[in-house]
Amino acid sequence: MGIFLVRDEDLFVERAVRNVSSFCDELLLVDNGSRDGTPQILARLAETLPIPAALHRVRHPSRSHDLVAPLAGDDVWVFGVDGDELYDPAGLAAFKPRLVGGEFDDAFQIRGNVLHCTHLDLAGGRASGFLSPPSGSMTKLYNFRIIESWNGHHSQRLHGGDGLRFKPSHEYSRRRLHETYEWDDSPFRCLHVCFLRRSSRERTRMHGVGRESPGERYGLPRRLPVRLVRRLRSAAGIGSGSTRKRALYRLGPLVTVSAAPFL
C-alpha cells in the first residue's frame, strides 16, 4: 500500500503518483489543505488509476497517520511518498519481487538511494543535486507485519516513534540499500525535488531553499494557534525555508545524473 501526503504540489504530484502506481496494490491520496491544482489532480487520479485509490482531505498532517495505524500487524508493506518524490518505476518493478518474496521480512524499514535535486532540466533529461550518501535518505518503506501497534502523536504519517510497539522478537531495524548500491545500480532510488519549485502558487524565491516539512511547521507547542506559531517562527528568522533540509540533504559533491528514468 502507498500513502501520499501532499500540500500544494501541482507541478510534480501526478508524476510522483504514477511512478509508484505499479509498485503498490492500493493508494491513499491525502491532501492537506492545498490551494493550487493539487486536489483536482488527485481526484482525477483516484478515478483513473488502474489500482484502487482513495482521496482523503485532512486539516492537519498528523491525521494522515490514522489511515495506516490500523494496519499494524497486517502482512503489508506501507510506502510513504511525498509530492516531491519521483521514484524510478523500472527499478521498483525489479525490486517488488524481492520485497514480496520475503527477502526483507526481518527489517522494519528500507532506505533507498536518493538524489536531492537542486536543478532539473526537463528538456535535456538531466538532474543535478546531492546524493545519499553522504546526504541523508528520506525514503519511507515500512514493514507493518512485525508491528504490534503504532499509535500516539505524529507530525505526519509514518513519522515518529510515539506508540510504536513491535511483536515479540522483533525490533526497529533498517536495511540501508543506499549504503550498499551505487546510484546507477540501485533498484530503489528516488529523485527528490525538494529544492525545486513544486507548486504554481509558490514564490520563485523559494527555489533552491526547500519548504519546511510538517514537522518543522508544527514543531512548536501544539497549544499555540498555527498562525501564531508561524509568526513566531518568522520573527525568529526560521520561516523562510527548511533549515533541516539544508543541513541533511546538501552534503557531499554536487553531481549531475540522467533524469530520464524518473520522467
# chains A, B, ... in the order shown; residues from 1 in each chain; ligands from 1
call {"tool": "residues_around", "arguments": {"residues": "Phe188 (chain A)", "least_positions_apart": "6", "cutoff": "7 Å", "atoms": "only C-alpha atoms", "output": "list of chain:residue names"}}
result
A:Gly91, A:Leu92, A:Phe95, A:Gly112, A:Asn113
call {"tool": "write_last_selection", "arguments": {"atoms": "N, CA and C atoms", "output": "mmCIF file, in the first residue's frame"}}
result
data_model
loop_
_atom_site.group_PDB
_atom_site.id
_atom_site.type_symbol
_atom_site.label_atom_id
_atom_site.label_comp_id
_atom_site.auth_asym_id
_atom_site.auth_seq_id
_atom_site.Cartn_x
_atom_site.Cartn_y
_atom_site.Cartn_z
ATOM 1 N N GLY A 91 13.012 0.527 -11.718
ATOM 2 C CA GLY A 91 13.705 -0.028 -10.559
ATOM 3 C C GLY A 91 12.742 -0.657 -9.574
ATOM 4 N N LEU A 92 11.617 0.007 -9.330
ATOM 5 C CA LEU A 92 10.611 -0.540 -8.422
ATOM 6 C C LEU A 92 10.047 -1.853 -8.949
ATOM 7 N N PHE A 95 12.413 -4.446 -8.098
ATOM 8 C CA PHE A 95 12.555 -4.595 -6.649
ATOM 9 C C PHE A 95 11.362 -5.316 -6.020
ATOM 10 N N GLY A 112 16.400 3.835 0.665
ATOM 11 C CA GLY A 112 16.925 3.719 -0.691
ATOM 12 C C GLY A 112 17.828 4.870 -1.078
ATOM 13 N N ASN A 113 18.360 4.799 -2.280
ATOM 14 C CA ASN A 113 19.231 5.851 -2.816
ATOM 15 C C ASN A 113 18.399 7.056 -3.219
#
call {"tool": "select_by_dssp", "arguments": {"residues": "region 38-245 of chain A", "states": "strand (DSSP E or B)", "output": "number ranges by chain"}}
result
A: 53-57, 77-82, 85-87, 109-111, 113-121, 126-132, 140-143, 147-150, 164-166, 174-176, 189-192
call {"tool": "write_last_selection", "arguments": {"atoms": "C-alpha atoms", "output": "mmCIF file, in the first residue's frame"}}
result
data_model
loop_
_atom_site.group_PDB
_atom_site.id
_atom_site.type_symbol
_atom_site.label_atom_id
_atom_site.label_comp_id
_atom_site.auth_asym_id
_atom_site.auth_seq_id
_atom_site.Cartn_x
_atom_site.Cartn_y
_atom_site.Cartn_z
ATOM 1 C CA ALA A 53 -7.050 4.780 -4.976
ATOM 2 C CA ALA A 54 -8.942 6.732 -2.316
ATOM 3 C CA LEU A 55 -8.817 10.513 -1.887
ATOM 4 C CA HIS A 56 -8.782 11.935 1.642
ATOM 5 C CA ARG A 57 -8.582 15.509 2.889
ATOM 6 C CA TRP A 77 4.422 -3.005 3.322
ATOM 7 C CA VAL A 78 3.381 0.646 3.635
ATOM 8 C CA PHE A 79 5.142 3.064 1.296
ATOM 9 C CA GLY A 80 5.056 6.727 2.323
ATOM 10 C CA VAL A 81 5.546 9.035 -0.651
ATOM 11 C CA ASP A 82 5.528 12.836 -0.849
ATOM 12 C CA GLU A 85 9.494 12.286 -4.580
ATOM 13 C CA LEU A 86 9.861 10.831 -8.059
ATOM 14 C CA TYR A 87 10.786 7.142 -7.894
ATOM 15 C CA GLN A 109 12.247 -0.001 7.333
ATOM 16 C CA ILE A 110 14.024 0.090 3.984
ATOM 17 C CA ARG A 111 16.055 3.132 2.964
ATOM 18 C CA ASN A 113 19.231 5.851 -2.816
ATOM 19 C CA VAL A 114 18.242 9.495 -3.283
ATOM 20 C CA LEU A 115 19.322 12.463 -5.352
ATOM 21 C CA HIS A 116 18.230 15.643 -3.557
ATOM 22 C CA CYS A 117 17.624 17.697 -6.649
ATOM 23 C CA THR A 118 18.671 21.346 -6.964
ATOM 24 C CA HIS A 119 18.222 21.606 -10.741
ATOM 25 C CA LEU A 120 16.094 19.670 -13.207
ATOM 26 C CA ASP A 121 16.423 20.028 -16.960
ATOM 27 C CA ARG A 126 19.293 15.754 -16.608
ATOM 28 C CA ALA A 127 19.161 16.423 -12.872
ATOM 29 C CA SER A 128 21.740 17.916 -10.509
ATOM 30 C CA GLY A 129 21.888 17.626 -6.746
ATOM 31 C CA PHE A 130 23.345 15.805 -3.767
ATOM 32 C CA LEU A 131 23.416 12.017 -3.439
ATOM 33 C CA SER A 132 22.547 9.874 -0.453
ATOM 34 C CA LYS A 140 9.810 5.578 3.774
ATOM 35 C CA LEU A 141 9.002 1.905 3.180
ATOM 36 C CA TYR A 142 7.771 0.135 6.313
ATOM 37 C CA ASN A 143 7.049 -3.498 7.165
ATOM 38 C CA ILE A 147 4.367 -4.174 14.290
ATOM 39 C CA GLU A 148 2.042 -4.761 17.205
ATOM 40 C CA SER A 149 0.745 -1.170 17.279
ATOM 41 C CA TRP A 150 1.736 2.313 16.114
ATOM 42 C CA LEU A 164 5.367 2.170 18.152
ATOM 43 C CA ARG A 165 5.357 -1.374 19.520
ATOM 44 C CA PHE A 166 6.853 -4.428 17.843
ATOM 45 C CA ARG A 174 16.725 -0.763 8.836
ATOM 46 C CA ARG A 175 18.053 -2.089 5.571
ATOM 47 C CA ARG A 176 20.153 0.732 4.142
ATOM 48 C CA ARG A 189 16.024 5.132 -5.880
ATOM 49 C CA CYS A 190 14.301 8.484 -5.785
ATOM 50 C CA LEU A 191 14.697 11.876 -7.442
ATOM 51 C CA HIS A 192 13.820 14.153 -4.513
#
call {"tool": "residues_around", "arguments": {"residues": "Thr48 (chain A)", "least_positions_apart": "6", "cutoff": "12 Å", "atoms": "only C-alpha atoms", "output": "list in words"}}
result
Glu14, Val17, Arg18, Ser21, Ile41, Leu42 and Ala54 of chain A
call {"tool": "select_by_dssp", "arguments": {"residues": "region 93-223 of chain A", "states": "helix (DSSP H, G or I)", "output": "count of residues only"}}
result
24
call {"tool": "atom_distance", "arguments": {"atom1": "CA of Ile146 (chain A)", "atom2": "CA of Leu28 (chain A)"}}
result
21.4 Å
call {"tool": "atom_distance", "arguments": {"atom1": "CA of Glu26 (chain A)", "atom2": "CA of Ile3 (chain A)"}}
result
8.6 Å
call {"tool": "closest_residue", "arguments": {"among": "A:Ala16, A:Ile51, A:Ala93, A:Cys24", "to": "Pro187 (chain A)", "atoms": "only C-alpha atoms"}}
result
A:Ala93
call {"tool": "closest_residue", "arguments": {"among": "A:Phe104, A:Phe195, A:Tyr172, A:Phe144", "to": "Gly73 (chain A)", "atoms": "only C-alpha atoms"}}
result
A:Phe144
call {"tool": "residues_around", "arguments": {"residues": "Val58 (chain A)", "least_positions_apart": "4", "cutoff": "10 Å", "atoms": "only C-alpha atoms", "output": "ChimeraX atom specification"}}
result
/A:5,30-33,62-64
call {"tool": "closest_residue", "arguments": {"among": "A:Lys96, A:His154, A:Arg203, A:Arg44", "to": "Val68 (chain A)", "atoms": "only C-alpha atoms"}}
result
A:His154
call {"tool": "atom_distance", "arguments": {"atom1": "CA of His65 (chain A)", "atom2": "CA of Gln156 (chain A)"}}
result
6.0 Å
call {"tool": "decode", "arguments": {"residues": "region 94-169 of chain A", "atoms": "C-alpha atoms", "output": "JSON list (two decimals), in the first residue's frame"}}
result
[["chain", "number", "residue", "atom", "x", "y", "z"],
["A", 94, "ALA", "CA", 12.56, -5.13, -10.41],
["A", 95, "PHE", "CA", 12.56, -4.59, -6.65],
["A", 96, "LYS", "CA", 8.95, -5.70, -5.99],
["A", 97, "PRO", "CA", 9.51, -9.49, -6.43],
["A", 98, "ARG", "CA", 12.31, -9.33, -3.90],
["A", 99, "LEU", "CA", 10.10, -7.49, -1.43],
["A", 100, "VAL", "CA", 7.06, -9.77, -1.71],
["A", 101, "GLY", "CA", 9.34, -12.80, -1.87],
["A", 102, "GLY", "CA", 10.40, -12.22, 1.73],
["A", 103, "GLU", "CA", 14.00, -11.06, 1.30],
["A", 104, "PHE", "CA", 13.44, -8.12, 3.65],
["A", 105, "ASP", "CA", 10.87, -9.60, 6.07],
["A", 106, "ASP", "CA", 13.08, -9.13, 9.12],
["A", 107, "ALA", "CA", 13.53, -5.39, 8.51],
["A", 108, "PHE", "CA", 11.13, -2.72, 9.75],
["A", 109, "GLN", "CA", 12.25, 0.00, 7.33],
["A", 110, "ILE", "CA", 14.02, 0.09, 3.98],
["A", 111, "ARG", "CA", 16.05, 3.13, 2.96],
["A", 112, "GLY", "CA", 16.92, 3.72, -0.69],
["A", 113, "ASN", "CA", 19.23, 5.85, -2.82],
["A", 114, "VAL", "CA", 18.24, 9.50, -3.28],
["A", 115, "LEU", "CA", 19.32, 12.46, -5.35],
["A", 116, "HIS", "CA", 18.23, 15.64, -3.56],
["A", 117, "CYS", "CA", 17.62, 17.70, -6.65],
["A", 118, "THR", "CA", 18.67, 21.35, -6.96],
["A", 119, "HIS", "CA", 18.22, 21.61, -10.74],
["A", 120, "LEU", "CA", 16.09, 19.67, -13.21],
["A", 121, "ASP", "CA", 16.42, 20.03, -16.96],
["A", 122, "LEU", "CA", 13.19, 18.52, -18.27],
["A", 123, "ALA", "CA", 14.07, 19.06, -21.92],
["A", 124, "GLY", "CA", 17.55, 17.61, -21.60],
["A", 125, "GLY", "CA", 16.58, 14.87, -19.14],
["A", 126, "ARG", "CA", 19.29, 15.75, -16.61],
["A", 127, "ALA", "CA", 19.16, 16.42, -12.87],
["A", 128, "SER", "CA", 21.74, 17.92, -10.51],
["A", 129, "GLY", "CA", 21.89, 17.63, -6.75],
["A", 130, "PHE", "CA", 23.34, 15.80, -3.77],
["A", 131, "LEU", "CA", 23.42, 12.02, -3.44],
["A", 132, "SER", "CA", 22.55, 9.87, -0.45],
["A", 133, "PRO", "CA", 25.05, 9.00, 0.88],
["A", 134, "PRO", "CA", 26.64, 11.22, 2.09],
["A", 135, "SER", "CA", 23.37, 13.17, 2.32],
["A", 136, "GLY", "CA", 20.53, 11.53, 4.24],
["A", 137, "SER", "CA", 17.93, 9.23, 2.74],
["A", 138, "MET", "CA", 14.29, 10.09, 3.49],
["A", 139, "THR", "CA", 12.65, 7.11, 1.74],
["A", 140, "LYS", "CA", 9.81, 5.58, 3.77],
["A", 141, "LEU", "CA", 9.00, 1.91, 3.18],
["A", 142, "TYR", "CA", 7.77, 0.14, 6.31],
["A", 143, "ASN", "CA", 7.05, -3.50, 7.17],
["A", 144, "PHE", "CA", 3.78, -3.45, 9.13],
["A", 145, "ARG", "CA", 3.80, -7.24, 9.60],
["A", 146, "ILE", "CA", 6.21, -7.02, 12.53],
["A", 147, "ILE", "CA", 4.37, -4.17, 14.29],
["A", 148, "GLU", "CA", 2.04, -4.76, 17.21],
["A", 149, "SER", "CA", 0.75, -1.17, 17.28],
["A", 150, "TRP", "CA", 1.74, 2.31, 16.11],
["A", 151, "ASN", "CA", -0.39, 4.93, 17.81],
["A", 152, "GLY", "CA", 0.39, 8.16, 19.69],
["A", 153, "HIS", "CA", 1.20, 11.61, 18.31],
["A", 154, "HIS", "CA", 2.75, 12.00, 14.87],
["A", 155, "SER", "CA", 3.61, 15.16, 12.95],
["A", 156, "GLN", "CA", 2.54, 13.28, 9.79],
["A", 157, "ARG", "CA", 2.09, 9.70, 8.59],
["A", 158, "LEU", "CA", 4.87, 7.24, 9.29],
["A", 159, "HIS", "CA", 6.89, 9.74, 11.33],
["A", 160, "GLY", "CA", 7.84, 9.49, 14.96],
["A", 161, "GLY", "CA", 8.11, 6.61, 17.39],
["A", 162, "ASP", "CA", 5.25, 7.51, 19.73],
["A", 163, "GLY", "CA", 3.22, 4.39, 20.39],
["A", 164, "LEU", "CA", 5.37, 2.17, 18.15],
["A", 165, "ARG", "CA", 5.36, -1.37, 19.52],
["A", 166, "PHE", "CA", 6.85, -4.43, 17.84],
["A", 167, "LYS", "CA", 5.81, -8.03, 18.09],
["A", 168, "PRO", "CA", 7.97, -10.26, 20.32],
["A", 169, "SER", "CA", 11.45, -10.98, 18.93]]
